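Q: Just so it is clear, I am handing over target_32.cif, which has mmCIF, C-alpha atoms.
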data_target
loop_
_atom_site.label_atom_id
_atom_site.label_comp_id
_atom_site.auth_asym_id
_atom_site.auth_seq_id
_atom_site.Cartn_x
_atom_site.Cartn_y
_atom_site.Cartn_z
CA MET A 1116 22.38 -19.87 -1.24
CA PHE A 1117 19.15 -21.81 -0.85
CA THR A 1118 17.96 -25.13 0.51
CA ARG A 1119 14.77 -27.09 -0.13
CA LEU A 1120 13.14 -28.64 2.93
CA MET A 1121 10.13 -30.88 3.36
CA LEU A 1122 8.22 -30.78 6.65
CA THR A 1123 10.45 -33.57 7.98
CA LEU A 1124 13.36 -31.11 7.51
CA THR A 1125 15.09 -33.48 5.08
CA VAL A 1126 17.42 -31.34 2.95
CA SER A 1127 17.89 -31.85 -0.78
CA ALA A 1128 19.21 -29.64 -3.59
CA LEU A 1129 16.90 -27.90 -6.04
CA PRO A 1130 17.18 -29.03 -9.67
CA ALA A 1131 18.78 -26.65 -12.14
CA MET A 1132 16.35 -24.08 -13.56
CA ALA A 1133 16.14 -22.20 -16.84
CA LEU A 1134 18.60 -19.41 -17.49
CA GLY A 1135 17.68 -16.41 -15.37
CA GLY A 1136 15.05 -18.34 -13.39
CA GLU A 1137 17.25 -19.62 -10.60
CA PRO A 1138 15.48 -18.22 -7.50
CA ALA A 1139 18.47 -17.25 -5.32
CA LYS A 1140 20.16 -15.22 -8.08
CA MET A 1141 16.82 -13.75 -9.09
CA ASN A 1142 16.12 -12.59 -5.51
CA ALA A 1143 19.48 -10.80 -5.46
CA LYS A 1144 18.57 -9.03 -8.71
CA ILE A 1145 15.17 -8.10 -7.31
CA LYS A 1146 16.75 -6.30 -4.33
CA VAL A 1147 18.67 -4.12 -6.79
CA GLN A 1148 15.53 -3.49 -8.86
CA GLU A 1149 13.58 -2.42 -5.74
CA ARG A 1150 16.11 0.35 -5.12
CA ILE A 1151 16.01 1.37 -8.81
CA ILE A 1152 12.22 1.75 -8.81
CA GLU A 1153 12.22 3.75 -5.57
CA THR A 1154 15.00 6.02 -6.81
CA ILE A 1155 13.25 6.69 -10.13
CA LEU A 1156 9.98 7.66 -8.47
CA GLU A 1157 11.47 9.71 -5.63
CA THR A 1158 14.08 11.69 -7.60
CA GLU A 1159 12.08 12.61 -10.72
CA PRO A 1160 11.38 16.39 -10.22
CA THR A 1161 7.98 16.23 -11.95
CA LEU A 1162 6.72 13.44 -9.68
CA GLU A 1163 7.88 14.06 -6.10
CA PHE A 1164 6.28 10.88 -4.78
CA LYS A 1165 7.30 8.82 -1.78
CA ALA A 1166 7.64 5.21 -2.95
CA GLU A 1167 8.26 1.82 -1.36
CA ALA A 1168 8.93 -1.13 -3.69
CA GLU A 1169 8.70 -4.79 -2.70
CA GLY A 1170 9.75 -7.50 -5.17
CA LEU A 1171 9.05 -11.21 -5.26
CA TYR A 1172 10.07 -13.97 -7.70
CA LEU A 1173 7.54 -16.73 -8.37
CA SER A 1174 9.02 -19.55 -10.43
CA GLY A 1175 6.70 -20.28 -13.33
CA PHE A 1176 4.98 -16.89 -13.12
CA GLY A 1177 7.75 -14.31 -13.02
CA VAL A 1178 8.55 -11.22 -10.93
CA VAL A 1179 5.95 -9.19 -9.04
CA PHE A 1180 6.72 -5.74 -7.67
CA THR A 1181 4.25 -4.01 -5.35
CA VAL A 1182 4.91 -0.28 -5.26
CA LYS A 1183 3.20 1.84 -2.59
CA ILE A 1184 3.02 5.45 -3.75
CA GLU A 1185 2.15 8.49 -1.63
CA PRO A 1186 1.87 12.04 -3.06
CA ASP A 1187 3.40 14.88 -1.06
CA ARG A 1188 1.25 16.65 1.52
CA ASP A 1189 0.78 19.78 -0.62
CA TYR A 1190 -2.08 18.00 -2.35
CA PHE A 1191 -4.07 17.74 0.86
CA ILE A 1192 -3.86 21.44 1.83
CA TYR A 1193 -6.37 23.97 0.50
CA ASN A 1194 -4.99 27.19 -0.92
CA PHE A 1195 -7.33 29.95 0.18
CA ALA A 1196 -5.52 32.62 -1.85
CA PHE A 1197 -8.41 32.68 -4.35
CA GLY A 1198 -8.19 34.72 -7.51
CA GLU A 1199 -11.74 36.07 -7.10
CA ALA A 1200 -12.18 38.30 -4.04
CA LEU A 1201 -15.02 37.49 -1.69
CA PRO A 1202 -17.69 40.26 -1.40
CA ALA A 1203 -17.70 42.42 1.71
CA LEU A 1204 -20.65 41.94 4.06
CA PRO A 1205 -22.61 45.11 5.06
CA ALA A 1206 -22.87 45.90 8.74
CA LEU A 1207 -26.23 45.24 10.37
CA PRO A 1208 -27.93 48.35 11.84
CA ALA A 1209 -28.61 48.49 15.53
CA ALA A 1210 -31.88 46.80 16.38
CA PRO A 1211 -34.62 49.37 17.17
CA GLU A 1212 -36.04 49.45 20.67
CA VAL A 1213 -39.84 49.35 20.48
CA ASP A 1214 -41.75 49.87 23.76
CA TYR A 1215 -45.31 49.07 22.73
CA GLU A 1216 -46.73 49.32 26.27
CA ARG A 1217 -45.44 52.83 26.66
CA ALA A 1218 -46.69 53.75 23.21
CA LEU A 1219 -50.17 52.53 24.07
CA ALA A 1220 -50.14 54.44 27.34
CA GLU A 1221 -49.13 57.59 25.54
CA ALA A 1222 -51.85 56.92 22.97
CA GLU A 1223 -54.47 57.19 25.70
CA LYS A 1224 -53.14 60.61 26.64
CA ALA A 1225 -52.29 61.92 23.25
CA LEU A 1226 -53.76 59.80 20.45
CA GLU A 1227 -52.36 61.94 17.68
CA LYS A 1228 -48.86 62.03 19.17
CA THR A 1229 -48.81 58.27 19.78
CA THR A 1230 -49.97 57.57 16.24
CA ARG A 1231 -47.07 59.58 14.83
CA GLU A 1232 -44.65 57.71 17.14
CA LEU A 1233 -46.00 54.31 16.07
CA GLU A 1234 -45.65 55.23 12.41
CA LYS A 1235 -42.07 56.28 13.08
CA LYS A 1236 -41.30 52.97 14.85
CA GLU A 1237 -42.89 50.99 12.04
CA LYS A 1238 -40.69 52.78 9.52
CA GLU A 1239 -37.63 51.92 11.61
CA ILE A 1240 -38.67 48.26 11.73
CA ASP A 1241 -39.22 48.20 7.96
CA LYS A 1242 -35.80 49.74 7.45
CA ALA A 1243 -34.21 47.07 9.69
CA ASN A 1244 -36.03 44.28 7.83
CA ARG A 1245 -34.75 45.61 4.50
CA ALA A 1246 -31.19 45.67 5.91
CA ILE A 1247 -31.56 42.05 7.04
CA GLU A 1248 -32.69 41.00 3.54
CA ILE A 1249 -29.67 42.79 2.04
CA TYR A 1250 -27.41 40.99 4.53
CA LYS A 1251 -28.96 37.60 3.67
CA SER A 1252 -28.43 38.24 -0.05
CA ALA A 1253 -24.82 39.25 0.55
CA MET A 1254 -24.23 36.17 2.70
CA LYS A 1255 -25.61 33.91 -0.05
CA GLU A 1256 -23.27 35.54 -2.57
CA TYR A 1257 -20.38 35.07 -0.13
CA VAL A 1258 -21.11 31.35 0.35
CA ASP A 1259 -21.65 30.76 -3.39
CA THR A 1260 -18.37 32.46 -4.23
CA PHE A 1261 -16.57 30.49 -1.51
CA LYS A 1262 -17.93 27.18 -2.85
CA LYS A 1263 -17.00 28.15 -6.41
CA ASN A 1264 -13.43 28.92 -5.36
CA ILE A 1265 -13.16 25.67 -3.38
CA LYS A 1266 -14.40 23.73 -6.42
CA ARG A 1267 -11.90 25.49 -8.71
CA ASP A 1268 -9.10 24.81 -6.23
CA ASP A 1269 -10.10 21.12 -6.08
CA GLU A 1270 -10.20 20.88 -9.86
CA ASP A 1271 -6.72 22.42 -10.15
CA ARG A 1272 -5.26 20.05 -7.57
CA VAL A 1273 -6.91 16.99 -9.17
CA LYS A 1274 -5.67 18.05 -12.61
CA LYS A 1275 -2.10 18.44 -11.33
CA LEU A 1276 -2.21 15.12 -9.47
CA LYS A 1277 -3.62 13.30 -12.52
CA THR A 1278 -0.79 14.73 -14.62
CA ARG A 1279 1.78 13.52 -12.11
CA ILE A 1280 0.23 10.05 -11.89
CA GLU A 1281 0.28 9.80 -15.68
CA GLY A 1282 3.95 10.80 -15.52
CA LEU A 1283 4.49 8.10 -12.90
CA GLN A 1284 3.05 5.53 -15.30
CA GLU A 1285 5.40 6.67 -18.07
CA ASN A 1286 8.37 6.52 -15.71
CA LEU A 1287 7.55 2.92 -14.79
CA LYS A 1288 7.32 2.05 -18.49
CA ASP A 1289 10.77 3.60 -18.96
CA TYR A 1290 11.98 1.51 -16.01
CA LEU A 1291 10.76 -1.67 -17.72
CA ALA A 1292 12.54 -0.70 -20.93
CA ASP A 1293 15.80 0.37 -19.25
CA TYR A 1294 16.18 -2.11 -16.41
CA GLY A 1295 13.68 -4.95 -16.98
CA PRO A 1296 15.94 -6.89 -19.36
CA ALA A 1297 18.59 -7.14 -16.59
CA LEU A 1298 16.33 -9.63 -14.74
CA ASN A 1299 16.88 -12.09 -17.61
CA LEU A 1300 13.45 -13.65 -17.13
CA PRO A 1301 12.52 -16.85 -18.99
CA SER A 1302 10.27 -16.20 -21.99
CA ARG A 1303 7.31 -18.00 -20.41
CA GLU A 1304 7.35 -15.75 -17.33
CA ALA A 1305 6.37 -12.10 -16.85
CA LEU A 1306 7.31 -8.92 -15.02
CA LEU A 1307 4.41 -7.31 -13.17
CA ILE A 1308 4.30 -4.04 -11.20
CA LYS A 1309 1.32 -3.52 -8.87
CA ALA A 1310 1.32 0.22 -8.13
CA GLN A 1311 -0.86 1.30 -5.18
CA ILE A 1312 -1.73 5.00 -4.84
CA ALA A 1313 -2.33 6.20 -1.27
CA ASP A 1314 -6.04 6.47 -0.39
CA ILE A 1315 -6.13 10.25 -0.74
CA HIS A 1316 -9.93 10.78 -1.01
CA ILE A 1317 -9.55 13.72 -3.41
CA SER A 1318 -11.62 12.62 -6.39
CA ALA A 1319 -13.11 9.54 -7.98
CA GLU A 1320 -11.16 10.57 -11.09
CA ILE A 1321 -7.88 9.68 -9.41
CA PRO A 1322 -7.07 5.96 -9.85
CA ARG A 1323 -6.21 4.06 -6.70
CA GLY A 1324 -3.55 2.16 -8.57
CA TYR A 1325 -2.76 0.20 -11.68
CA GLU A 1326 -0.94 -2.90 -12.86
CA ILE A 1327 1.82 -2.67 -15.48
CA SER A 1328 3.11 -5.89 -16.97
CA VAL A 1329 5.23 -7.21 -19.82
CA SER A 1330 6.11 -10.74 -20.87
CA GLY A 1331 9.52 -12.33 -20.49
CA ALA A 1332 9.42 -12.99 -24.24
CA ASP A 1333 9.14 -9.24 -25.01
CA LEU A 1334 11.94 -8.48 -22.53
CA ALA A 1335 14.12 -11.11 -24.23
CA LYS A 1336 13.47 -9.53 -27.66
CA LEU A 1337 14.46 -6.10 -26.34
CA ARG A 1338 17.57 -7.55 -24.69
CA ALA A 1339 18.62 -9.29 -27.91
CA GLY A 1340 17.93 -6.21 -30.06
CA ARG A 1341 15.12 -7.93 -32.00
CA THR A 1342 12.66 -5.16 -31.16
CA GLY A 1343 12.99 -1.43 -30.66
CA ARG A 1344 12.31 0.53 -27.51
CA GLU A 1345 9.18 2.20 -28.90
CA SER A 1346 7.67 -1.14 -30.00
CA PHE A 1347 8.55 -2.65 -26.63
CA ILE A 1348 6.81 0.16 -24.71
CA LYS A 1349 3.69 -0.34 -26.86
CA SER A 1350 3.64 -4.01 -25.79
CA ILE A 1351 3.41 -3.08 -22.08
CA ARG A 1352 -0.03 -3.79 -20.62
CA VAL A 1353 -1.56 -1.22 -18.25
CA GLU A 1354 -4.71 -1.89 -16.22
CA MET A 1355 -6.17 0.89 -14.06
CA LYS A 1356 -7.53 0.11 -10.58
CA THR A 1357 -10.41 2.02 -9.01
CA GLY A 1358 -9.82 0.84 -5.45
CA GLU A 1359 -13.16 -0.97 -5.43
CA GLU A 1360 -11.63 -4.27 -6.52
CA ARG A 1361 -11.76 -6.89 -3.79
CA LEU A 1362 -10.15 -10.28 -3.42
CA PRO A 1363 -12.58 -13.21 -3.30
CA SER A 1364 -13.77 -13.87 0.26
CA ASP A 1365 -12.08 -17.29 0.47
CA ILE A 1366 -8.68 -15.68 -0.20
CA GLN A 1367 -9.34 -12.89 2.32
CA ILE A 1368 -10.30 -15.49 4.93
CA MET A 1369 -7.12 -17.50 4.32
CA GLU A 1370 -5.03 -14.32 4.55
CA ASN A 1371 -6.51 -13.62 7.99
CA ILE A 1372 -5.99 -17.25 9.03
CA LEU A 1373 -2.29 -16.99 8.15
CA ARG A 1374 -2.00 -13.68 10.01
CA THR A 1375 -2.82 -15.48 13.26
CA THR A 1376 0.57 -17.21 12.97
CA PHE A 1377 2.34 -13.86 13.14
CA GLU A 1378 0.08 -12.55 15.88
CA GLU A 1379 0.88 -15.64 17.96
CA GLY A 1380 4.57 -15.32 17.10
CA LYS A 1381 4.71 -11.84 18.60
CA ARG A 1382 4.12 -13.42 22.00
CA ASP A 1383 7.47 -15.18 21.64
CA ASP A 1384 10.08 -12.84 23.16
CA TYR A 1385 12.69 -13.77 20.59
CA LEU A 1386 10.48 -14.14 17.53
CA ALA A 1387 8.79 -10.83 18.32
CA LYS A 1388 12.04 -9.12 17.24
CA TYR A 1389 11.50 -10.49 13.75
CA LEU A 1390 7.78 -9.78 13.57
CA ASP A 1391 7.84 -6.20 14.82
CA GLY A 1392 6.36 -4.01 12.07
CA SER A 1393 5.23 -6.94 9.91
CA ARG A 1394 2.78 -6.34 7.04
CA SER A 1395 1.17 -8.48 4.37
CA TRP A 1396 -0.60 -8.63 1.01
CA ALA A 1397 -2.34 -11.29 -1.06
CA ALA A 1398 -3.01 -11.60 -4.79
CA TYR A 1399 -4.61 -14.07 -7.17
CA PHE A 1400 -3.00 -14.60 -10.59
CA PRO A 1401 -5.17 -16.59 -13.02
CA ASP A 1402 -3.42 -19.69 -14.43
CA TYR A 1403 -0.78 -19.45 -11.68
CA GLY A 1404 -2.56 -19.37 -8.32
CA VAL A 1405 -2.77 -17.39 -5.11
CA VAL A 1406 0.16 -15.77 -3.31
CA PHE A 1407 0.23 -14.64 0.33
CA LEU A 1408 3.22 -12.52 1.34
CA GLN A 1409 4.19 -11.55 4.86
CA LYS A 1410 7.06 -9.11 5.25
CA CYS A 1411 8.66 -9.11 8.68
CA ASP A 1412 10.66 -6.01 9.56
CA PRO A 1413 12.56 -6.38 12.86
CA GLY A 1414 12.66 -2.63 13.35
CA HIS A 1415 15.08 -0.84 15.67
CA ARG A 1416 14.88 -3.47 18.41
CA PHE A 1417 16.77 -5.98 16.29
CA ILE A 1418 19.27 -3.56 14.78
CA SER A 1419 20.97 -2.76 18.09
CA PHE A 1420 23.39 -5.44 19.26
CA ALA A 1421 23.51 -6.82 22.78
CA PRO A 1422 26.01 -9.19 24.48
CA SER A 1423 23.53 -12.05 24.01
CA ASP A 1424 23.87 -11.57 20.24
CA GLY A 1425 27.50 -12.63 20.49
CA ILE A 1426 28.94 -9.10 20.12
CA GLU A 1427 30.44 -7.07 22.97
CA TRP A 1428 31.99 -3.60 23.04
CA ASN A 1429 35.35 -2.97 24.70
CA GLU A 1430 36.49 0.66 24.30
CA CYS A 1431 37.14 0.96 20.55
CA ASN A 1432 37.29 -2.78 19.91
CA ILE A 1433 34.47 -5.16 19.01
CA ILE A 1434 34.78 -8.62 20.56
CA ILE A 1435 32.78 -11.36 18.81
CA ASP A 1436 31.82 -14.31 20.96
CA GLU A 1437 31.21 -17.20 18.52
CA LYS A 1438 29.41 -19.27 21.14
CA LYS A 1439 26.92 -16.53 21.92
CA GLY A 1440 26.47 -15.89 18.20
CA ASP A 1441 25.67 -19.59 17.69
CA ASP A 1442 23.14 -19.46 20.53
CA ARG A 1443 21.48 -16.47 18.88
CA TYR A 1444 21.05 -18.30 15.58
CA LYS A 1445 19.84 -21.44 17.32
CA LYS A 1446 17.09 -19.41 19.00
CA ALA A 1447 16.16 -17.84 15.69
CA GLU A 1448 16.13 -21.17 13.85
CA THR A 1449 13.98 -22.76 16.57
CA ALA A 1450 11.51 -19.86 16.48
CA VAL A 1451 11.30 -19.90 12.66
CA ALA A 1452 10.87 -23.70 12.67
CA ARG A 1453 7.84 -23.27 14.95
CA MET A 1454 6.44 -20.68 12.56
CA GLN A 1455 7.10 -22.99 9.61
CA GLU A 1456 5.26 -25.87 11.26
CA ASP A 1457 2.31 -23.61 12.12
CA ILE A 1458 2.01 -22.34 8.52
CA CYS A 1459 2.04 -25.92 7.20
CA ASP A 1460 -0.64 -26.91 9.74
CA LYS A 1461 -2.89 -24.05 8.62
CA LEU A 1462 -2.41 -24.82 4.94
CA ALA A 1463 -3.14 -28.51 5.51
CA THR A 1464 -6.28 -27.66 7.49
CA TYR A 1465 -7.74 -24.86 5.38
CA GLY A 1466 -6.12 -25.19 1.93
CA ALA A 1467 -9.15 -26.98 0.46
CA THR A 1468 -11.36 -23.96 1.28
CA LEU A 1469 -9.63 -21.87 -1.41
CA LYS A 1470 -12.40 -22.40 -3.96
CA THR A 1471 -11.15 -19.58 -6.19
CA VAL A 1472 -7.93 -21.50 -6.89
CA LYS A 1473 -8.19 -24.17 -9.56
CA PRO A 1474 -6.81 -27.70 -8.86
CA GLU A 1475 -3.84 -27.20 -11.22
CA GLU A 1476 -2.97 -23.78 -9.77
CA LYS A 1477 -0.66 -23.11 -6.81
CA VAL A 1478 -1.05 -21.95 -3.25
CA VAL A 1479 2.08 -20.00 -2.26
CA VAL A 1480 3.00 -18.40 1.08
CA VAL A 1481 6.09 -16.19 1.26
CA ILE A 1482 7.64 -14.89 4.50
CA LYS A 1483 10.34 -12.27 3.99
CA PHE A 1484 12.58 -11.29 6.92
CA ARG A 1485 14.68 -8.18 6.74
CA ARG A 1486 17.62 -9.99 8.34
CA ALA A 1487 19.00 -13.52 8.24
CA PHE A 1488 17.65 -16.00 10.77
CA ASP A 1489 20.41 -18.63 10.45
CA ARG A 1490 24.14 -19.04 9.80
CA ASP A 1491 23.49 -19.69 6.11
CA LYS A 1492 22.10 -16.15 5.78
CA HIS A 1493 18.61 -17.29 4.84
CA SER A 1494 16.06 -14.49 5.15
CA MET A 1495 13.02 -15.82 3.28
CA LEU A 1496 10.70 -18.85 3.48
CA VAL A 1497 8.54 -19.94 0.55
CA PHE A 1498 5.76 -22.52 1.00
CA SER A 1499 4.28 -23.96 -2.18
CA ALA A 1500 1.74 -26.64 -3.07
CA GLU A 1501 -0.67 -27.33 -5.91
CA LYS A 1502 -4.30 -26.88 -4.96
CA LYS A 1503 -5.12 -30.47 -5.98
CA ILE A 1504 -3.00 -31.76 -3.07
CA PHE A 1505 -5.54 -30.34 -0.62
CA LEU A 1506 -8.35 -32.04 -2.54
CA THR A 1507 -6.65 -35.42 -3.10
CA TYR A 1508 -5.52 -36.07 0.47
CA THR A 1509 -7.65 -35.76 3.60
CA LYS A 1510 -5.14 -36.47 6.37
CA PRO A 1511 -3.17 -33.35 7.42
CA GLU A 1512 0.08 -35.33 7.76
CA GLU A 1513 -0.20 -36.57 4.17
CA ILE A 1514 -0.80 -33.03 2.95
CA LYS A 1515 2.09 -31.54 4.95
CA LYS A 1516 4.53 -34.04 3.42
CA ARG A 1517 3.68 -32.57 0.02
CA ILE A 1518 4.03 -28.91 0.91
CA GLU A 1519 7.37 -27.71 -0.43
CA VAL A 1520 9.24 -25.31 1.86
CA VAL A 1521 12.26 -23.47 0.46
CA LYS A 1522 14.68 -21.21 2.32
CA PHE A 1523 16.46 -18.36 0.59
#
Let me see the structure of the file written as structure tokens.

A:
Amino acid sequence: MFTRLMLTLTVSALPAMALGGEPAKMNAKIKVQERIIETILETEPTLEFKAEAEGLYLSGFGVVFTVKIEPDRDYFIYNFAFGEALPALPALPAAPEVDYERALAEAEKALEKTTRELEKKEKEIDKANRAIEIYKSAMKEYVDTFKKNIKRDDEDRVKKLKTRIEGLQENLKDYLADYGPALNLPSREALLIKAQIADIHISAEIPRGYEISVSGADLAKLRAGRTGRESFIKSIRVEMKTGEERLPSDIQIMENILRTTFEEGKRDDYLAKYLDGSRSWAAYFPDYGVVFLQKCDPGHRFISFAPSDGIEWNECNIIIDEKKGDDRYKKAETAVARMQEDICDKLATYGATLKTVKPEEKVVVVIKFRRAFDRDKHSMLVFSAEKKIFLTYTKPEEIKKRIEVVKF
């Protein structure tokens, strides 16, 4: 169930959309697909990755999944059981005690005897120096062997991790072939997976992520049986990411501007329950626009019920107080309305600074809550406006009237 609201909170129904593109139904499908992706990546024996998938439907663009991937900890631990044994170090001889003053004194009394003693001491010193040189040579061999074994161990771990990441890519392609058609995307839209590998600092050879995408048209052909699985997989686009890619500065600035809304919201005792553990990402899609997503996870504080939530415990019975439940939703709706107004204010004030976004492209802000914030079970807010609105109008109130806000 979804409702379209303008800033004045006037409610109207959304027009009918193309088959498979209706946002509310698509969001329900996306939740299922998130669990499918996580299950595939976490249960495949050859991968053993921890994965967290987050899906989002953007009408006119398609579906975007961000998948955070973290290898197991075995890849961060050195294995010192080297195949090549390290050389043993020889023991240093005891340092000789040379008393030159006494030797000189004895030389005055017995020159011949002292000379023989000095020669003996010199031989001992030469012997000690030779032992030190042998020790230095052995130490160098020890260090060189140690470095060689560390390098070989690194190379083995990188090779194994690269193999697993390549397997991960193939598994995601299989996911697109097996489950992508179930989304029933319109032909003009696309399905995109943004995979992010944990910043593991092992080697520059390991990609920090990649994007895998396929068009709705190719998914439709596969669904209708007009193309085979092998041909479909060949049509999937894969773009590797080095981790050095950066969003344009204007988009990064706007992302930080929007974050202030959630930082301020955490000061609200009630809204803080919704914003606990919140996280965000931003992305620019050429020919579509920029998307800012804020995921709000209430965490354990919101999961536990209290009498003020409208639910009380009485021995083995649960008593639901409708009045208290209504009060709870009223508080949530009021808090979310304040957040909504603040987001619209920031977009109206700073939207024109998004120079990367073309006038015909969109500026979209998505706020996803883990739990419903009203009686209608809405758990997501989507703000959308074409960039040209921020350029055409100068008064914030005129701009805010044209920012579309949709609840899902």

Q: I'd like to see the residues matched by the PyMOL selection byres ((chain A and resi 1290-1306) around 8) on this file, and ideally I'd get them as a PDB file with C-alpha atoms, in the frame of the given file.

A:
ATOM      1  CA  ALA A1133      16.140 -22.200 -16.840  1.00  0.00           C
ATOM      2  CA  LEU A1134      18.600 -19.410 -17.490  1.00  0.00           C
ATOM      3  CA  GLY A1135      17.680 -16.410 -15.370  1.00  0.00           C
ATOM      4  CA  GLY A1136      15.050 -18.340 -13.390  1.00  0.00           C
ATOM      5  CA  MET A1141      16.820 -13.750  -9.090  1.00  0.00           C
ATOM      6  CA  LYS A1144      18.570  -9.030  -8.710  1.00  0.00           C
ATOM      7  CA  ILE A1145      15.170  -8.100  -7.310  1.00  0.00           C
ATOM      8  CA  GLN A1148      15.530  -3.490  -8.860  1.00  0.00           C
ATOM      9  CA  ILE A1152      12.220   1.750  -8.810  1.00  0.00           C
ATOM     10  CA  ILE A1155      13.250   6.690 -10.130  1.00  0.00           C
ATOM     11  CA  GLY A1175       6.700 -20.280 -13.330  1.00  0.00           C
ATOM     12  CA  PHE A1176       4.980 -16.890 -13.120  1.00  0.00           C
ATOM     13  CA  GLY A1177       7.750 -14.310 -13.020  1.00  0.00           C
ATOM     14  CA  VAL A1178       8.550 -11.220 -10.930  1.00  0.00           C
ATOM     15  CA  VAL A1179       5.950  -9.190  -9.040  1.00  0.00           C
ATOM     16  CA  ASN A1286       8.370   6.520 -15.710  1.00  0.00           C
ATOM     17  CA  LEU A1287       7.550   2.920 -14.790  1.00  0.00           C
ATOM     18  CA  LYS A1288       7.320   2.050 -18.490  1.00  0.00           C
ATOM     19  CA  ASP A1289      10.770   3.600 -18.960  1.00  0.00           C
ATOM     20  CA  LEU A1307       4.410  -7.310 -13.170  1.00  0.00           C
ATOM     21  CA  ILE A1308       4.300  -4.040 -11.200  1.00  0.00           C
ATOM     22  CA  SER A1328       3.110  -5.890 -16.970  1.00  0.00           C
ATOM     23  CA  VAL A1329       5.230  -7.210 -19.820  1.00  0.00           C
ATOM     24  CA  SER A1330       6.110 -10.740 -20.870  1.00  0.00           C
ATOM     25  CA  GLY A1331       9.520 -12.330 -20.490  1.00  0.00           C
ATOM     26  CA  ALA A1332       9.420 -12.990 -24.240  1.00  0.00           C
ATOM     27  CA  ASP A1333       9.140  -9.240 -25.010  1.00  0.00           C
ATOM     28  CA  LEU A1334      11.940  -8.480 -22.530  1.00  0.00           C
ATOM     29  CA  ALA A1335      14.120 -11.110 -24.230  1.00  0.00           C
ATOM     30  CA  LEU A1337      14.460  -6.100 -26.340  1.00  0.00           C
ATOM     31  CA  ARG A1338      17.570  -7.550 -24.690  1.00  0.00           C
ATOM     32  CA  ARG A1344      12.310   0.530 -27.510  1.00  0.00           C
ATOM     33  CA  PHE A1347       8.550  -2.650 -26.630  1.00  0.00           C
ATOM     34  CA  ILE A1348       6.810   0.160 -24.710  1.00  0.00           C
TER      35      ILE A1348
END

Q: Can you work out the spacing between CA of Gly1324 (chain A) and CA of Ser1346 (chain A) in Å, to one decimal?

A: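 Rounded to one decimal, the two atoms are 24.4 Å apart.
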
Q: Measure the distance from CA of Gly1282 (chain A) to CA of Tyr1172 (chain A) in Å and round it to one decimal.

A: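 Interatomic distance here is 26.7 Å.
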
Q: Between A:Leu1408, A:Asp1402, A:Glu1378, A:Ile1372, which one has atoms that come closest to Thr1181 (chain A), using only C-alpha atoms?

A: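 Nearest candidate to Thr1181 (chain A) out of A:Leu1408, A:Asp1402, A:Glu1378, A:Ile1372: A:Leu1408.
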
Q: Smallest atom-to-atom distance to Lys1165 (chain A): which of A:Thr1357, A:Ser1494, A:Gln1311, A:Gln1367, using all atoms listed in the file?

A: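 Of all the options, A:Gln1311 lies closest to Lys1165 (chain A).
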